[in-house]
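Text of structure-v7.cif (mmCIF, C-alpha atoms) as supplied:
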data_entry
#
loop_
_atom_site.label_atom_id
_atom_site.label_comp_id
_atom_site.auth_asym_id
_atom_site.auth_seq_id
_atom_site.Cartn_x
_atom_site.Cartn_y
_atom_site.Cartn_z
CA MET H 1328 38.47 176.98 61.08
CA PRO H 1329 35.18 175.13 60.35
CA THR H 1330 35.13 171.35 60.48
CA ARG H 1331 35.05 169.64 57.10
CA PRO H 1332 31.73 167.86 56.61
CA ASP H 1333 31.35 164.11 56.13
CA ALA H 1334 30.27 164.67 52.54
CA VAL H 1335 33.75 165.96 51.67
CA ALA H 1336 35.40 162.81 52.99
CA ALA H 1337 33.13 160.76 50.71
CA LEU H 1338 34.52 162.39 47.57
CA PRO H 1339 37.10 160.40 45.62
CA LEU H 1340 40.65 161.48 44.83
CA ALA H 1341 39.71 161.65 41.16
CA PRO H 1342 39.11 164.39 38.61
CA GLY H 1343 35.65 165.83 38.26
CA VAL H 1344 33.22 168.70 38.57
CA TYR H 1345 31.61 169.78 41.84
CA ARG H 1346 28.90 172.21 42.81
CA PHE H 1347 27.52 173.72 45.98
CA ARG H 1348 23.81 174.29 46.66
CA ASP H 1349 22.05 176.34 49.33
CA ASP H 1350 19.22 175.05 51.52
CA GLY H 1351 16.71 176.04 48.85
CA GLY H 1352 18.44 173.93 46.20
CA ARG H 1353 19.93 176.88 44.32
CA VAL H 1354 23.33 176.24 42.73
CA LEU H 1355 25.85 178.64 44.27
CA TYR H 1356 29.07 177.61 42.54
CA VAL H 1357 30.43 175.15 39.97
CA GLY H 1358 34.10 174.22 39.85
CA ARG H 1359 36.43 171.51 38.62
CA ALA H 1360 39.25 169.60 40.23
CA GLU H 1361 42.01 167.15 39.41
CA GLN H 1362 41.33 165.60 42.83
CA LEU H 1363 37.79 166.25 44.02
CA ARG H 1364 38.27 165.50 47.72
CA ARG H 1365 41.36 167.66 48.04
CA ARG H 1366 39.90 170.59 46.11
CA VAL H 1367 36.49 170.63 47.82
CA SER H 1368 38.14 170.17 51.21
CA SER H 1369 40.08 173.40 50.64
CA TYR H 1370 36.86 175.44 50.91
CA TRP H 1371 36.76 174.57 54.59
CA GLY H 1372 40.25 176.05 55.00
CA ASP H 1373 41.22 179.70 55.33
CA LEU H 1374 40.46 180.61 51.66
CA ARG H 1375 43.37 183.05 51.61
CA ASP H 1376 43.38 183.36 47.82
CA ARG H 1377 39.57 183.08 47.51
CA ARG H 1378 38.28 185.42 50.17
CA HIS H 1379 35.28 186.36 48.03
CA LEU H 1380 33.93 182.84 48.63
CA ARG H 1381 33.79 183.10 52.44
CA LYS H 1382 30.26 184.50 52.41
CA MET H 1383 29.16 181.75 50.04
CA MET H 1384 30.43 179.02 52.36
CA THR H 1385 28.03 180.12 55.12
CA ARG H 1386 25.19 179.22 52.75
CA VAL H 1387 26.40 175.85 51.46
CA ALA H 1388 23.90 173.13 52.38
CA GLY H 1389 24.67 170.51 49.74
CA ILE H 1390 27.61 169.16 47.75
CA GLU H 1391 27.26 167.36 44.43
CA ALA H 1392 30.01 165.90 42.27
CA LEU H 1393 30.42 164.39 38.84
CA VAL H 1394 33.46 162.10 38.67
CA CYS H 1395 35.22 162.25 35.29
CA ASP H 1396 37.68 159.93 33.57
CA SER H 1397 40.32 162.64 33.17
CA ALA H 1398 41.14 166.21 34.13
CA HIS H 1399 40.55 167.12 30.48
CA GLU H 1400 37.01 165.73 30.67
CA ALA H 1401 36.43 167.65 33.89
CA ALA H 1402 37.61 170.86 32.23
CA TRP H 1403 35.17 170.37 29.34
CA ALA H 1404 32.31 169.48 31.69
CA GLU H 1405 32.84 172.65 33.73
CA ARG H 1406 33.09 174.80 30.63
CA ASN H 1407 29.95 173.36 29.05
CA LEU H 1408 27.91 173.78 32.20
CA LEU H 1409 29.06 177.36 32.83
CA GLU H 1410 28.35 178.38 29.25
CA ARG H 1411 24.68 177.60 29.85
CA SER H 1412 24.31 178.97 33.37
CA LYS H 1413 26.60 181.04 35.60
CA PRO H 1414 25.93 180.57 39.33
CA PRO H 1415 26.22 183.70 41.50
CA TRP H 1416 29.72 182.96 42.84
CA ASN H 1417 31.28 181.98 39.53
CA ARG H 1418 33.10 184.88 37.89
CA ILE H 1419 33.68 183.56 34.35
CA ILE H 1420 31.25 182.13 31.83
CA GLY H 1421 32.82 179.08 30.25
CA GLY H 1422 36.47 179.41 31.08
CA LEU H 1423 39.77 180.89 29.95
CA GLU H 1424 41.06 177.99 27.85
CA VAL H 1425 40.75 178.22 24.06
CA PRO H 1426 39.15 175.19 22.36
CA VAL H 1427 41.24 173.94 19.44
CA SER H 1428 41.46 170.97 17.11
CA ILE H 1429 44.50 169.29 15.60
CA HIS H 1430 44.66 169.05 11.83
CA LEU H 1431 46.81 166.44 10.11
CA ASP H 1432 47.43 167.19 6.43
CA VAL H 1433 48.56 163.94 4.82
CA SER H 1434 49.63 165.49 1.53
CA PRO H 1435 52.56 163.34 0.24
CA THR H 1436 54.46 166.44 -0.92
CA ALA H 1437 53.89 168.88 1.94
CA PRO H 1438 52.35 167.15 4.98
CA ARG H 1439 51.60 169.25 8.02
CA LEU H 1440 50.50 168.91 11.62
CA GLY H 1441 48.95 172.03 13.13
CA LEU H 1442 46.32 173.66 15.33
CA ALA H 1443 43.05 175.23 14.28
CA THR H 1444 40.24 176.94 16.19
CA ALA H 1445 37.58 175.43 13.90
CA GLN H 1446 36.87 171.87 12.85
CA LEU H 1447 36.57 172.53 9.12
CA PRO H 1448 39.40 170.56 7.53
CA GLY H 1449 40.00 170.67 3.80
CA PRO H 1450 40.44 167.71 1.45
CA GLY H 1451 43.03 165.21 2.65
CA VAL H 1452 43.10 166.65 6.17
CA ARG H 1453 42.20 164.66 9.27
CA CYS H 1454 40.73 166.52 12.22
CA PHE H 1455 41.18 165.45 15.86
CA GLY H 1456 39.64 166.90 19.00
CA PRO H 1457 38.36 169.27 20.16
CA TYR H 1458 40.84 169.91 22.94
CA LEU H 1459 40.50 172.49 25.68
CA GLY H 1460 43.70 174.46 26.03
CA ALA H 1461 45.68 175.71 23.04
CA GLY H 1462 48.89 175.77 25.07
CA LYS H 1463 48.65 172.09 25.97
CA ALA H 1464 47.71 171.12 22.42
CA LYS H 1465 50.69 173.06 21.04
CA LEU H 1466 53.06 171.27 23.42
CA ALA H 1467 51.54 167.91 22.48
CA LEU H 1468 52.16 168.70 18.80
CA SER H 1469 55.75 169.58 19.62
CA GLY H 1470 56.20 166.17 21.23
CA LEU H 1471 54.58 164.37 18.29
CA GLU H 1472 56.75 166.25 15.78
CA ARG H 1473 59.79 165.32 17.83
CA LEU H 1474 58.94 161.64 17.40
CA TYR H 1475 57.32 161.71 13.97
CA PRO H 1476 58.71 164.77 12.09
CA ILE H 1477 55.97 164.85 9.49
CA GLY H 1478 56.09 168.63 9.20
CA HIS H 1479 59.67 168.39 7.92
CA ALA H 1480 59.15 165.43 5.60
CA GLY H 1481 58.19 165.33 1.94
CA PRO H 1482 60.17 166.01 -1.23
CA SER H 1483 59.21 169.69 -1.44
CA ARG H 1484 60.75 170.59 1.92
CA SER H 1485 63.80 172.80 2.17
CA SER H 1486 67.20 171.27 2.78
CA GLY H 1487 67.07 172.63 6.33
CA ALA H 1488 63.72 170.94 7.02
CA GLN H 1489 64.97 167.69 5.55
CA GLU H 1490 68.09 167.87 7.72
CA LEU H 1491 65.92 168.37 10.79
CA ALA H 1492 63.84 165.35 9.76
CA ARG H 1493 67.06 163.37 9.42
CA LEU H 1494 68.21 164.38 12.89
CA ARG H 1495 64.86 163.29 14.28
CA GLY H 1496 64.99 160.00 12.46
CA GLY H 1497 62.27 160.74 9.91
CA GLN H 1498 64.15 161.49 6.70
CA ASP H 1499 63.76 158.03 5.18
CA VAL H 1500 60.33 157.30 6.66
CA PRO H 1501 57.48 157.59 4.13
CA VAL H 1502 55.00 160.38 4.79
CA ALA H 1503 52.14 157.89 4.92
CA GLN H 1504 53.92 155.95 7.67
CA LEU H 1505 54.52 159.08 9.73
CA ALA H 1506 50.88 160.09 9.25
CA ARG H 1507 49.67 156.70 10.41
CA ALA H 1508 51.85 156.90 13.50
CA VAL H 1509 50.55 160.36 14.43
CA GLY H 1510 46.97 159.36 13.68
CA SER H 1511 47.22 156.26 15.84
CA VAL H 1512 48.33 158.32 18.83
CA LEU H 1513 45.62 160.95 18.36
CA ASP H 1514 43.04 158.19 17.88
CA ARG H 1515 44.05 157.03 21.38
CA GLU H 1516 45.15 153.57 20.29
CA PRO H 1517 46.64 152.19 23.53
CA THR H 1518 49.78 150.64 22.00
CA ALA H 1519 50.57 153.76 19.98
CA VAL H 1520 49.99 156.08 22.95
CA ALA H 1521 52.16 153.94 25.24
CA ALA H 1522 54.96 153.83 22.66
CA ALA H 1523 54.90 157.61 22.13
CA LEU H 1524 54.94 158.36 25.86
CA ALA H 1525 57.73 155.83 26.44
CA ALA H 1526 59.83 157.37 23.66
CA LEU H 1527 59.40 160.90 25.03
CA THR H 1528 60.16 159.66 28.55
CA ALA H 1529 63.37 158.01 27.35
CA ARG H 1530 64.47 161.26 25.68
CA ARG H 1531 63.63 163.22 28.83
CA ASP H 1532 65.67 160.86 30.98
CA ALA H 1533 68.59 160.99 28.55
CA ALA H 1534 68.52 164.79 28.60
CA ALA H 1535 68.47 164.82 32.40
CA ALA H 1536 71.37 162.34 32.53
CA ALA H 1537 73.34 164.66 30.24
CA GLN H 1538 72.48 167.59 32.57
CA ALA H 1539 70.47 169.24 29.79
CA TYR H 1540 67.87 170.26 32.32
CA GLU H 1541 66.02 172.82 30.19
CA ALA H 1542 65.56 170.21 27.45
CA ALA H 1543 64.40 167.66 30.04
CA ALA H 1544 61.90 170.15 31.45
CA ARG H 1545 60.55 170.86 27.97
CA LEU H 1546 60.16 167.16 27.28
CA GLN H 1547 58.29 166.72 30.57
CA GLN H 1548 55.89 169.46 29.50
CA GLU H 1549 55.35 167.69 26.18
CA ILE H 1550 54.69 164.39 27.97
CA GLU H 1551 52.08 165.97 30.23
CA ALA H 1552 50.46 167.77 27.29
CA LEU H 1553 50.27 164.61 25.23
CA GLN H 1554 48.67 162.81 28.18
CA TRP H 1555 46.08 165.64 28.33
CA VAL H 1556 45.31 165.36 24.61
CA VAL H 1557 44.87 161.57 24.58
CA ALA H 1558 43.00 161.37 27.90
CA PRO H 1559 39.45 160.00 27.67
CA GLN H 1560 36.63 162.51 27.55
CA ARG H 1561 33.07 162.09 26.30
CA VAL H 1562 31.34 165.30 27.40
CA THR H 1563 32.38 167.15 24.23
CA ALA H 1564 32.37 165.16 21.00
CA ALA H 1565 32.83 166.63 17.54
CA GLY H 1566 30.37 165.93 14.76
CA GLU H 1567 27.48 164.58 16.83
CA GLN H 1568 24.04 166.02 16.12
CA GLY H 1569 20.75 165.99 17.97
CA ARG H 1570 19.71 165.97 21.58
CA HIS H 1571 19.40 163.10 24.02
CA ASP H 1572 19.49 162.38 27.74
CA VAL H 1573 21.60 159.79 29.53
CA THR H 1574 20.50 158.72 32.99
CA ALA H 1575 21.38 156.44 35.86
CA TRP H 1576 19.66 155.70 39.14
CA GLY H 1577 21.09 154.56 42.43
CA GLY H 1578 20.00 154.73 46.04
CA ASP H 1579 16.91 156.86 45.32
CA VAL H 1580 18.83 159.46 43.33
CA LEU H 1581 18.47 159.88 39.58
CA VAL H 1582 21.34 161.52 37.68
CA ARG H 1583 20.39 162.93 34.28
CA LEU H 1584 22.83 164.46 31.78
CA ARG H 1585 21.38 166.32 28.83
CA ILE H 1586 23.51 166.17 25.68
CA SER H 1587 23.07 168.55 22.75
CA ASN H 1588 25.09 168.20 19.53
CA GLY H 1589 27.73 166.16 21.31
CA ARG H 1590 28.16 168.47 24.31
CA LEU H 1591 27.04 168.08 27.89
CA ARG H 1592 24.60 170.93 28.47
CA SER H 1593 22.86 170.10 31.74
CA TRP H 1594 23.56 168.01 34.84
CA GLU H 1595 20.47 167.28 36.90
CA GLN H 1596 19.85 165.24 40.03
CA GLU H 1597 16.58 164.39 41.72
CA THR H 1598 15.30 162.07 44.40
CA CYS H 1599 13.03 159.30 43.13
CA ASP H 1600 12.15 155.75 44.19
CA ARG H 1601 12.76 154.03 40.84
CA PRO H 1602 14.78 154.42 37.62
CA GLU H 1603 13.38 156.55 34.82
CA PRO H 1604 11.02 154.32 32.76
CA GLY H 1605 12.54 153.21 29.47
CA ALA H 1606 15.80 155.07 30.08
CA ARG H 1607 18.85 153.45 28.53
CA ALA H 1608 22.34 154.85 28.24
CA PRO H 1609 24.79 154.20 25.39
CA GLU H 1610 27.29 151.50 26.25
CA ASP H 1611 30.23 153.91 26.64
CA TRP H 1612 28.27 156.01 29.15
CA VAL H 1613 27.24 153.18 31.47
CA PRO H 1614 30.30 153.03 33.83
CA PHE H 1615 30.43 156.84 33.99
CA LEU H 1616 26.76 157.12 34.91
CA ARG H 1617 26.71 154.21 37.33
CA ARG H 1618 29.54 155.49 39.49
CA ASN H 1619 28.08 159.00 39.52
CA ALA H 1620 24.62 157.81 40.51
CA GLU H 1621 26.14 155.84 43.39
CA LEU H 1622 28.18 158.86 44.48
CA ALA H 1623 25.14 161.16 44.23
CA ALA H 1624 23.15 158.89 46.53
CA TRP H 1625 26.02 158.68 49.01
CA LEU H 1626 26.51 162.46 49.10
CA ALA H 1627 22.77 163.07 49.47
CA ALA H 1628 22.74 160.94 52.62
CA LEU H 1629 25.65 162.77 54.32
CA PRO H 1630 25.40 166.05 56.24
CA VAL H 1631 27.18 169.19 55.07
CA THR H 1632 26.52 171.41 58.07
#

This structure in structure tokens:
Amino acid sequence: MPTRPDAVAALPLAPGVYRFRDDGGRVLYVGRAEQLRRRVSSYWGDLRDRRHLRKMMTRVAGIEALVCDSAHEAAWAERNLLERSKPPWNRIIGGLEVPVSIHLDVSPTAPRLGLATAQLPGPGVRCFGPYLGAGKAKLALSGLERLYPIGHAGPSRSSGAQELARLRGGQDVPVAQLARAVGSVLDREPTAVAAALAALTARRDAAAAAQAYEAAARLQQEIEALQWVVAPQRVTAAGEQGRHDVTAWGGDVLVRLRISNGRLRSWEQETCDRPEPGARAPEDWVPFLRRNAELAAWLAALPVT
């Protein structure tokens, strides 16, 4: 089994995107990971379930990584990059997950919380997202409806829906209040997110204590899905228009991300002895770029073979 290179040990145990280059600088493969060091390290193992990559590994001369703030952000970054260019050892353009948005209809008579594959809400409808992974988004909605049963509230609902709202504690809660609660969570307001996750965790623990293990497992899935939905991610933003670059420089390596209509479209790195003249990044990009420029310089200085 080949020895893992020093560059792998330099990777953090954090989510992100990685890519391998050959000695000519050609990108061989782009992937994503919930823990970069662990995932990239696996390529120097026996590759039992990825035997098609063994030939590629004999050509790897460089490792690059982009550390993300969440696994959701890493998933979007990988998808965006692969939609524009598919390296020779990647099999799928983009990815398998379906992008969706969450629509919150705040109609006082028939409010609704649901999924949509397009961000074209009608009057009185708030749109959140996009999110990568319809399955996760659906589970997150299930958890939100469990806490804030807005889909069963309103005077026009059937007696059965109203009874379900009563059982979930939402019968006497005004629709506007339920809508605000849901919106606060999906807007990633820290207090609202923490309260929602704590409430679902308490219900999971109560179900487990009552030996209702299937219910507890379902609640755990909803917790994880809600964490996915509210996790920070900036590489795909709805509604933004235009093109711009964000850059950072560290240790003689310049990292440049090209953004088009709110989506990361290109990730470039080059060796240079000074920052790009006049380059400034938006405030919310600065920590992201700084840590990735520092990592790029560190990886560039470490051997792979």

Closest of H:Arg1507, H:Ala1536, H:Arg1418, H:Leu1553 to H:Ala1464 - atom-to-atom distances counting all atoms listed in the file: H:Leu1553

Pick from H:Phe1615, H:Tyr1540, H:Trp1625, H:Trp1403 nearest to H:Gly1577, counting only C-alpha atoms: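 Of H:Phe1615, H:Tyr1540, H:Trp1625, H:Trp1403, the one nearest H:Gly1577 is H:Trp1625, counting only C-alpha atoms.
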
Within 9 Å of file point (23.3, 171.8, 20.1), counting all atoms listed in the file, expressed as a list in words: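 Those within range, by chain then number, are Glu1567, Gln1568, Gly1569, Arg1570, Ile1586, Ser1587, Asn1588, Gly1589, Arg1590 and Arg1592 of chain H.
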
Atomic separation - atom CA of H:Leu1340 relative to atom CA of H:Val1394, Å: 9.5 Å

Selection result of the PyMOL selection byres ((chain H and resi 1417) around 9) on this file, as an MDAnalysis selection string: chainID H and resid 1355:1358 1409 1413:1416 1418:1420

Which of H:Leu1442, H:Ala1467, H:Ala1437, H:Ala1543 sits closest to H:Arg1531 [using only C-alpha atoms]: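 Using only C-alpha atoms, H:Arg1531 sits closest to H:Ala1543.
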
Length of the atom CA of H:Arg1618 to atom CA of H:Ala1565 vector [Å]: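 Computing it gives 24.8 Å between the two atoms.
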
Would you write out, as a short mmCIF file (atom, residue, chain, number, x, y, z; two decimals) with C-alpha atoms, in the coordinates of the input, every residue that the PyMOL selection byres ((chain H and resi 1554-1564) around 9) captures in this file?
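Generated output (out-v6.cif):
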data_model
loop_
_atom_site.label_atom_id
_atom_site.label_comp_id
_atom_site.auth_asym_id
_atom_site.auth_seq_id
_atom_site.Cartn_x
_atom_site.Cartn_y
_atom_site.Cartn_z
CA CYS H 1395 35.22 162.25 35.29
CA ASP H 1396 37.68 159.93 33.57
CA SER H 1397 40.32 162.64 33.17
CA ALA H 1398 41.14 166.21 34.13
CA HIS H 1399 40.55 167.12 30.48
CA GLU H 1400 37.01 165.73 30.67
CA ALA H 1401 36.43 167.65 33.89
CA TRP H 1403 35.17 170.37 29.34
CA ALA H 1404 32.31 169.48 31.69
CA ASN H 1407 29.95 173.36 29.05
CA GLY H 1456 39.64 166.90 19.00
CA PRO H 1457 38.36 169.27 20.16
CA TYR H 1458 40.84 169.91 22.94
CA LEU H 1459 40.50 172.49 25.68
CA LYS H 1463 48.65 172.09 25.97
CA ALA H 1464 47.71 171.12 22.42
CA ALA H 1467 51.54 167.91 22.48
CA VAL H 1512 48.33 158.32 18.83
CA LEU H 1513 45.62 160.95 18.36
CA ASP H 1514 43.04 158.19 17.88
CA ARG H 1515 44.05 157.03 21.38
CA VAL H 1520 49.99 156.08 22.95
CA LEU H 1524 54.94 158.36 25.86
CA GLU H 1549 55.35 167.69 26.18
CA ILE H 1550 54.69 164.39 27.97
CA GLU H 1551 52.08 165.97 30.23
CA ALA H 1552 50.46 167.77 27.29
CA LEU H 1553 50.27 164.61 25.23
CA ALA H 1565 32.83 166.63 17.54
CA GLY H 1566 30.37 165.93 14.76
CA GLU H 1567 27.48 164.58 16.83
CA ILE H 1586 23.51 166.17 25.68
CA ASN H 1588 25.09 168.20 19.53
CA GLY H 1589 27.73 166.16 21.31
CA ARG H 1590 28.16 168.47 24.31
CA LEU H 1591 27.04 168.08 27.89
CA ARG H 1592 24.60 170.93 28.47
CA ASP H 1611 30.23 153.91 26.64
CA TRP H 1612 28.27 156.01 29.15
#

Residue members of the PyMOL selection byres ((chain H and resi 1508) around 12) in the file shown, as a VMD selection string: chain H and resid 1431 1433 1471 to 1472 1474 to 1477 1497 1500 to 1507 1509 to 1516 1518 to 1520 1522 to 1523

Which of H:Asp1432, H:Val1425, H:Pro1450, H:Gly1441 sits closest to H:Gly1462 [using only C-alpha atoms]: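 Of the candidates, the smallest distance to H:Gly1462 is held by H:Val1425.
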
For atom CA of H:Val1631 and atom CA of H:Pro1332, the interatomic separation in Å (one decimal): 5.0 Å

Residue neighbourhood H:Arg1359, 7 Å, all atoms listed in the file, exclusion window fewer than 6 positions, as a list in words: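 Result of the neighbour search: Gly1343, Val1344, Tyr1345, Ala1401, Ala1402 and Glu1405 of chain H.
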
Produce a file of the selected residues containing C-alpha atoms, as a PDB file, keeping the file's coordinate frame.
ATOM      1  CA  GLY H1343      35.650 165.830  38.260  1.00  0.00           C
ATOM      2  CA  VAL H1344      33.220 168.700  38.570  1.00  0.00           C
ATOM      3  CA  TYR H1345      31.610 169.780  41.840  1.00  0.00           C
ATOM      4  CA  ALA H1401      36.430 167.650  33.890  1.00  0.00           C
ATOM      5  CA  ALA H1402      37.610 170.860  32.230  1.00  0.00           C
ATOM      6  CA  GLU H1405      32.840 172.650  33.730  1.00  0.00           C
TER       7      GLU H1405
END
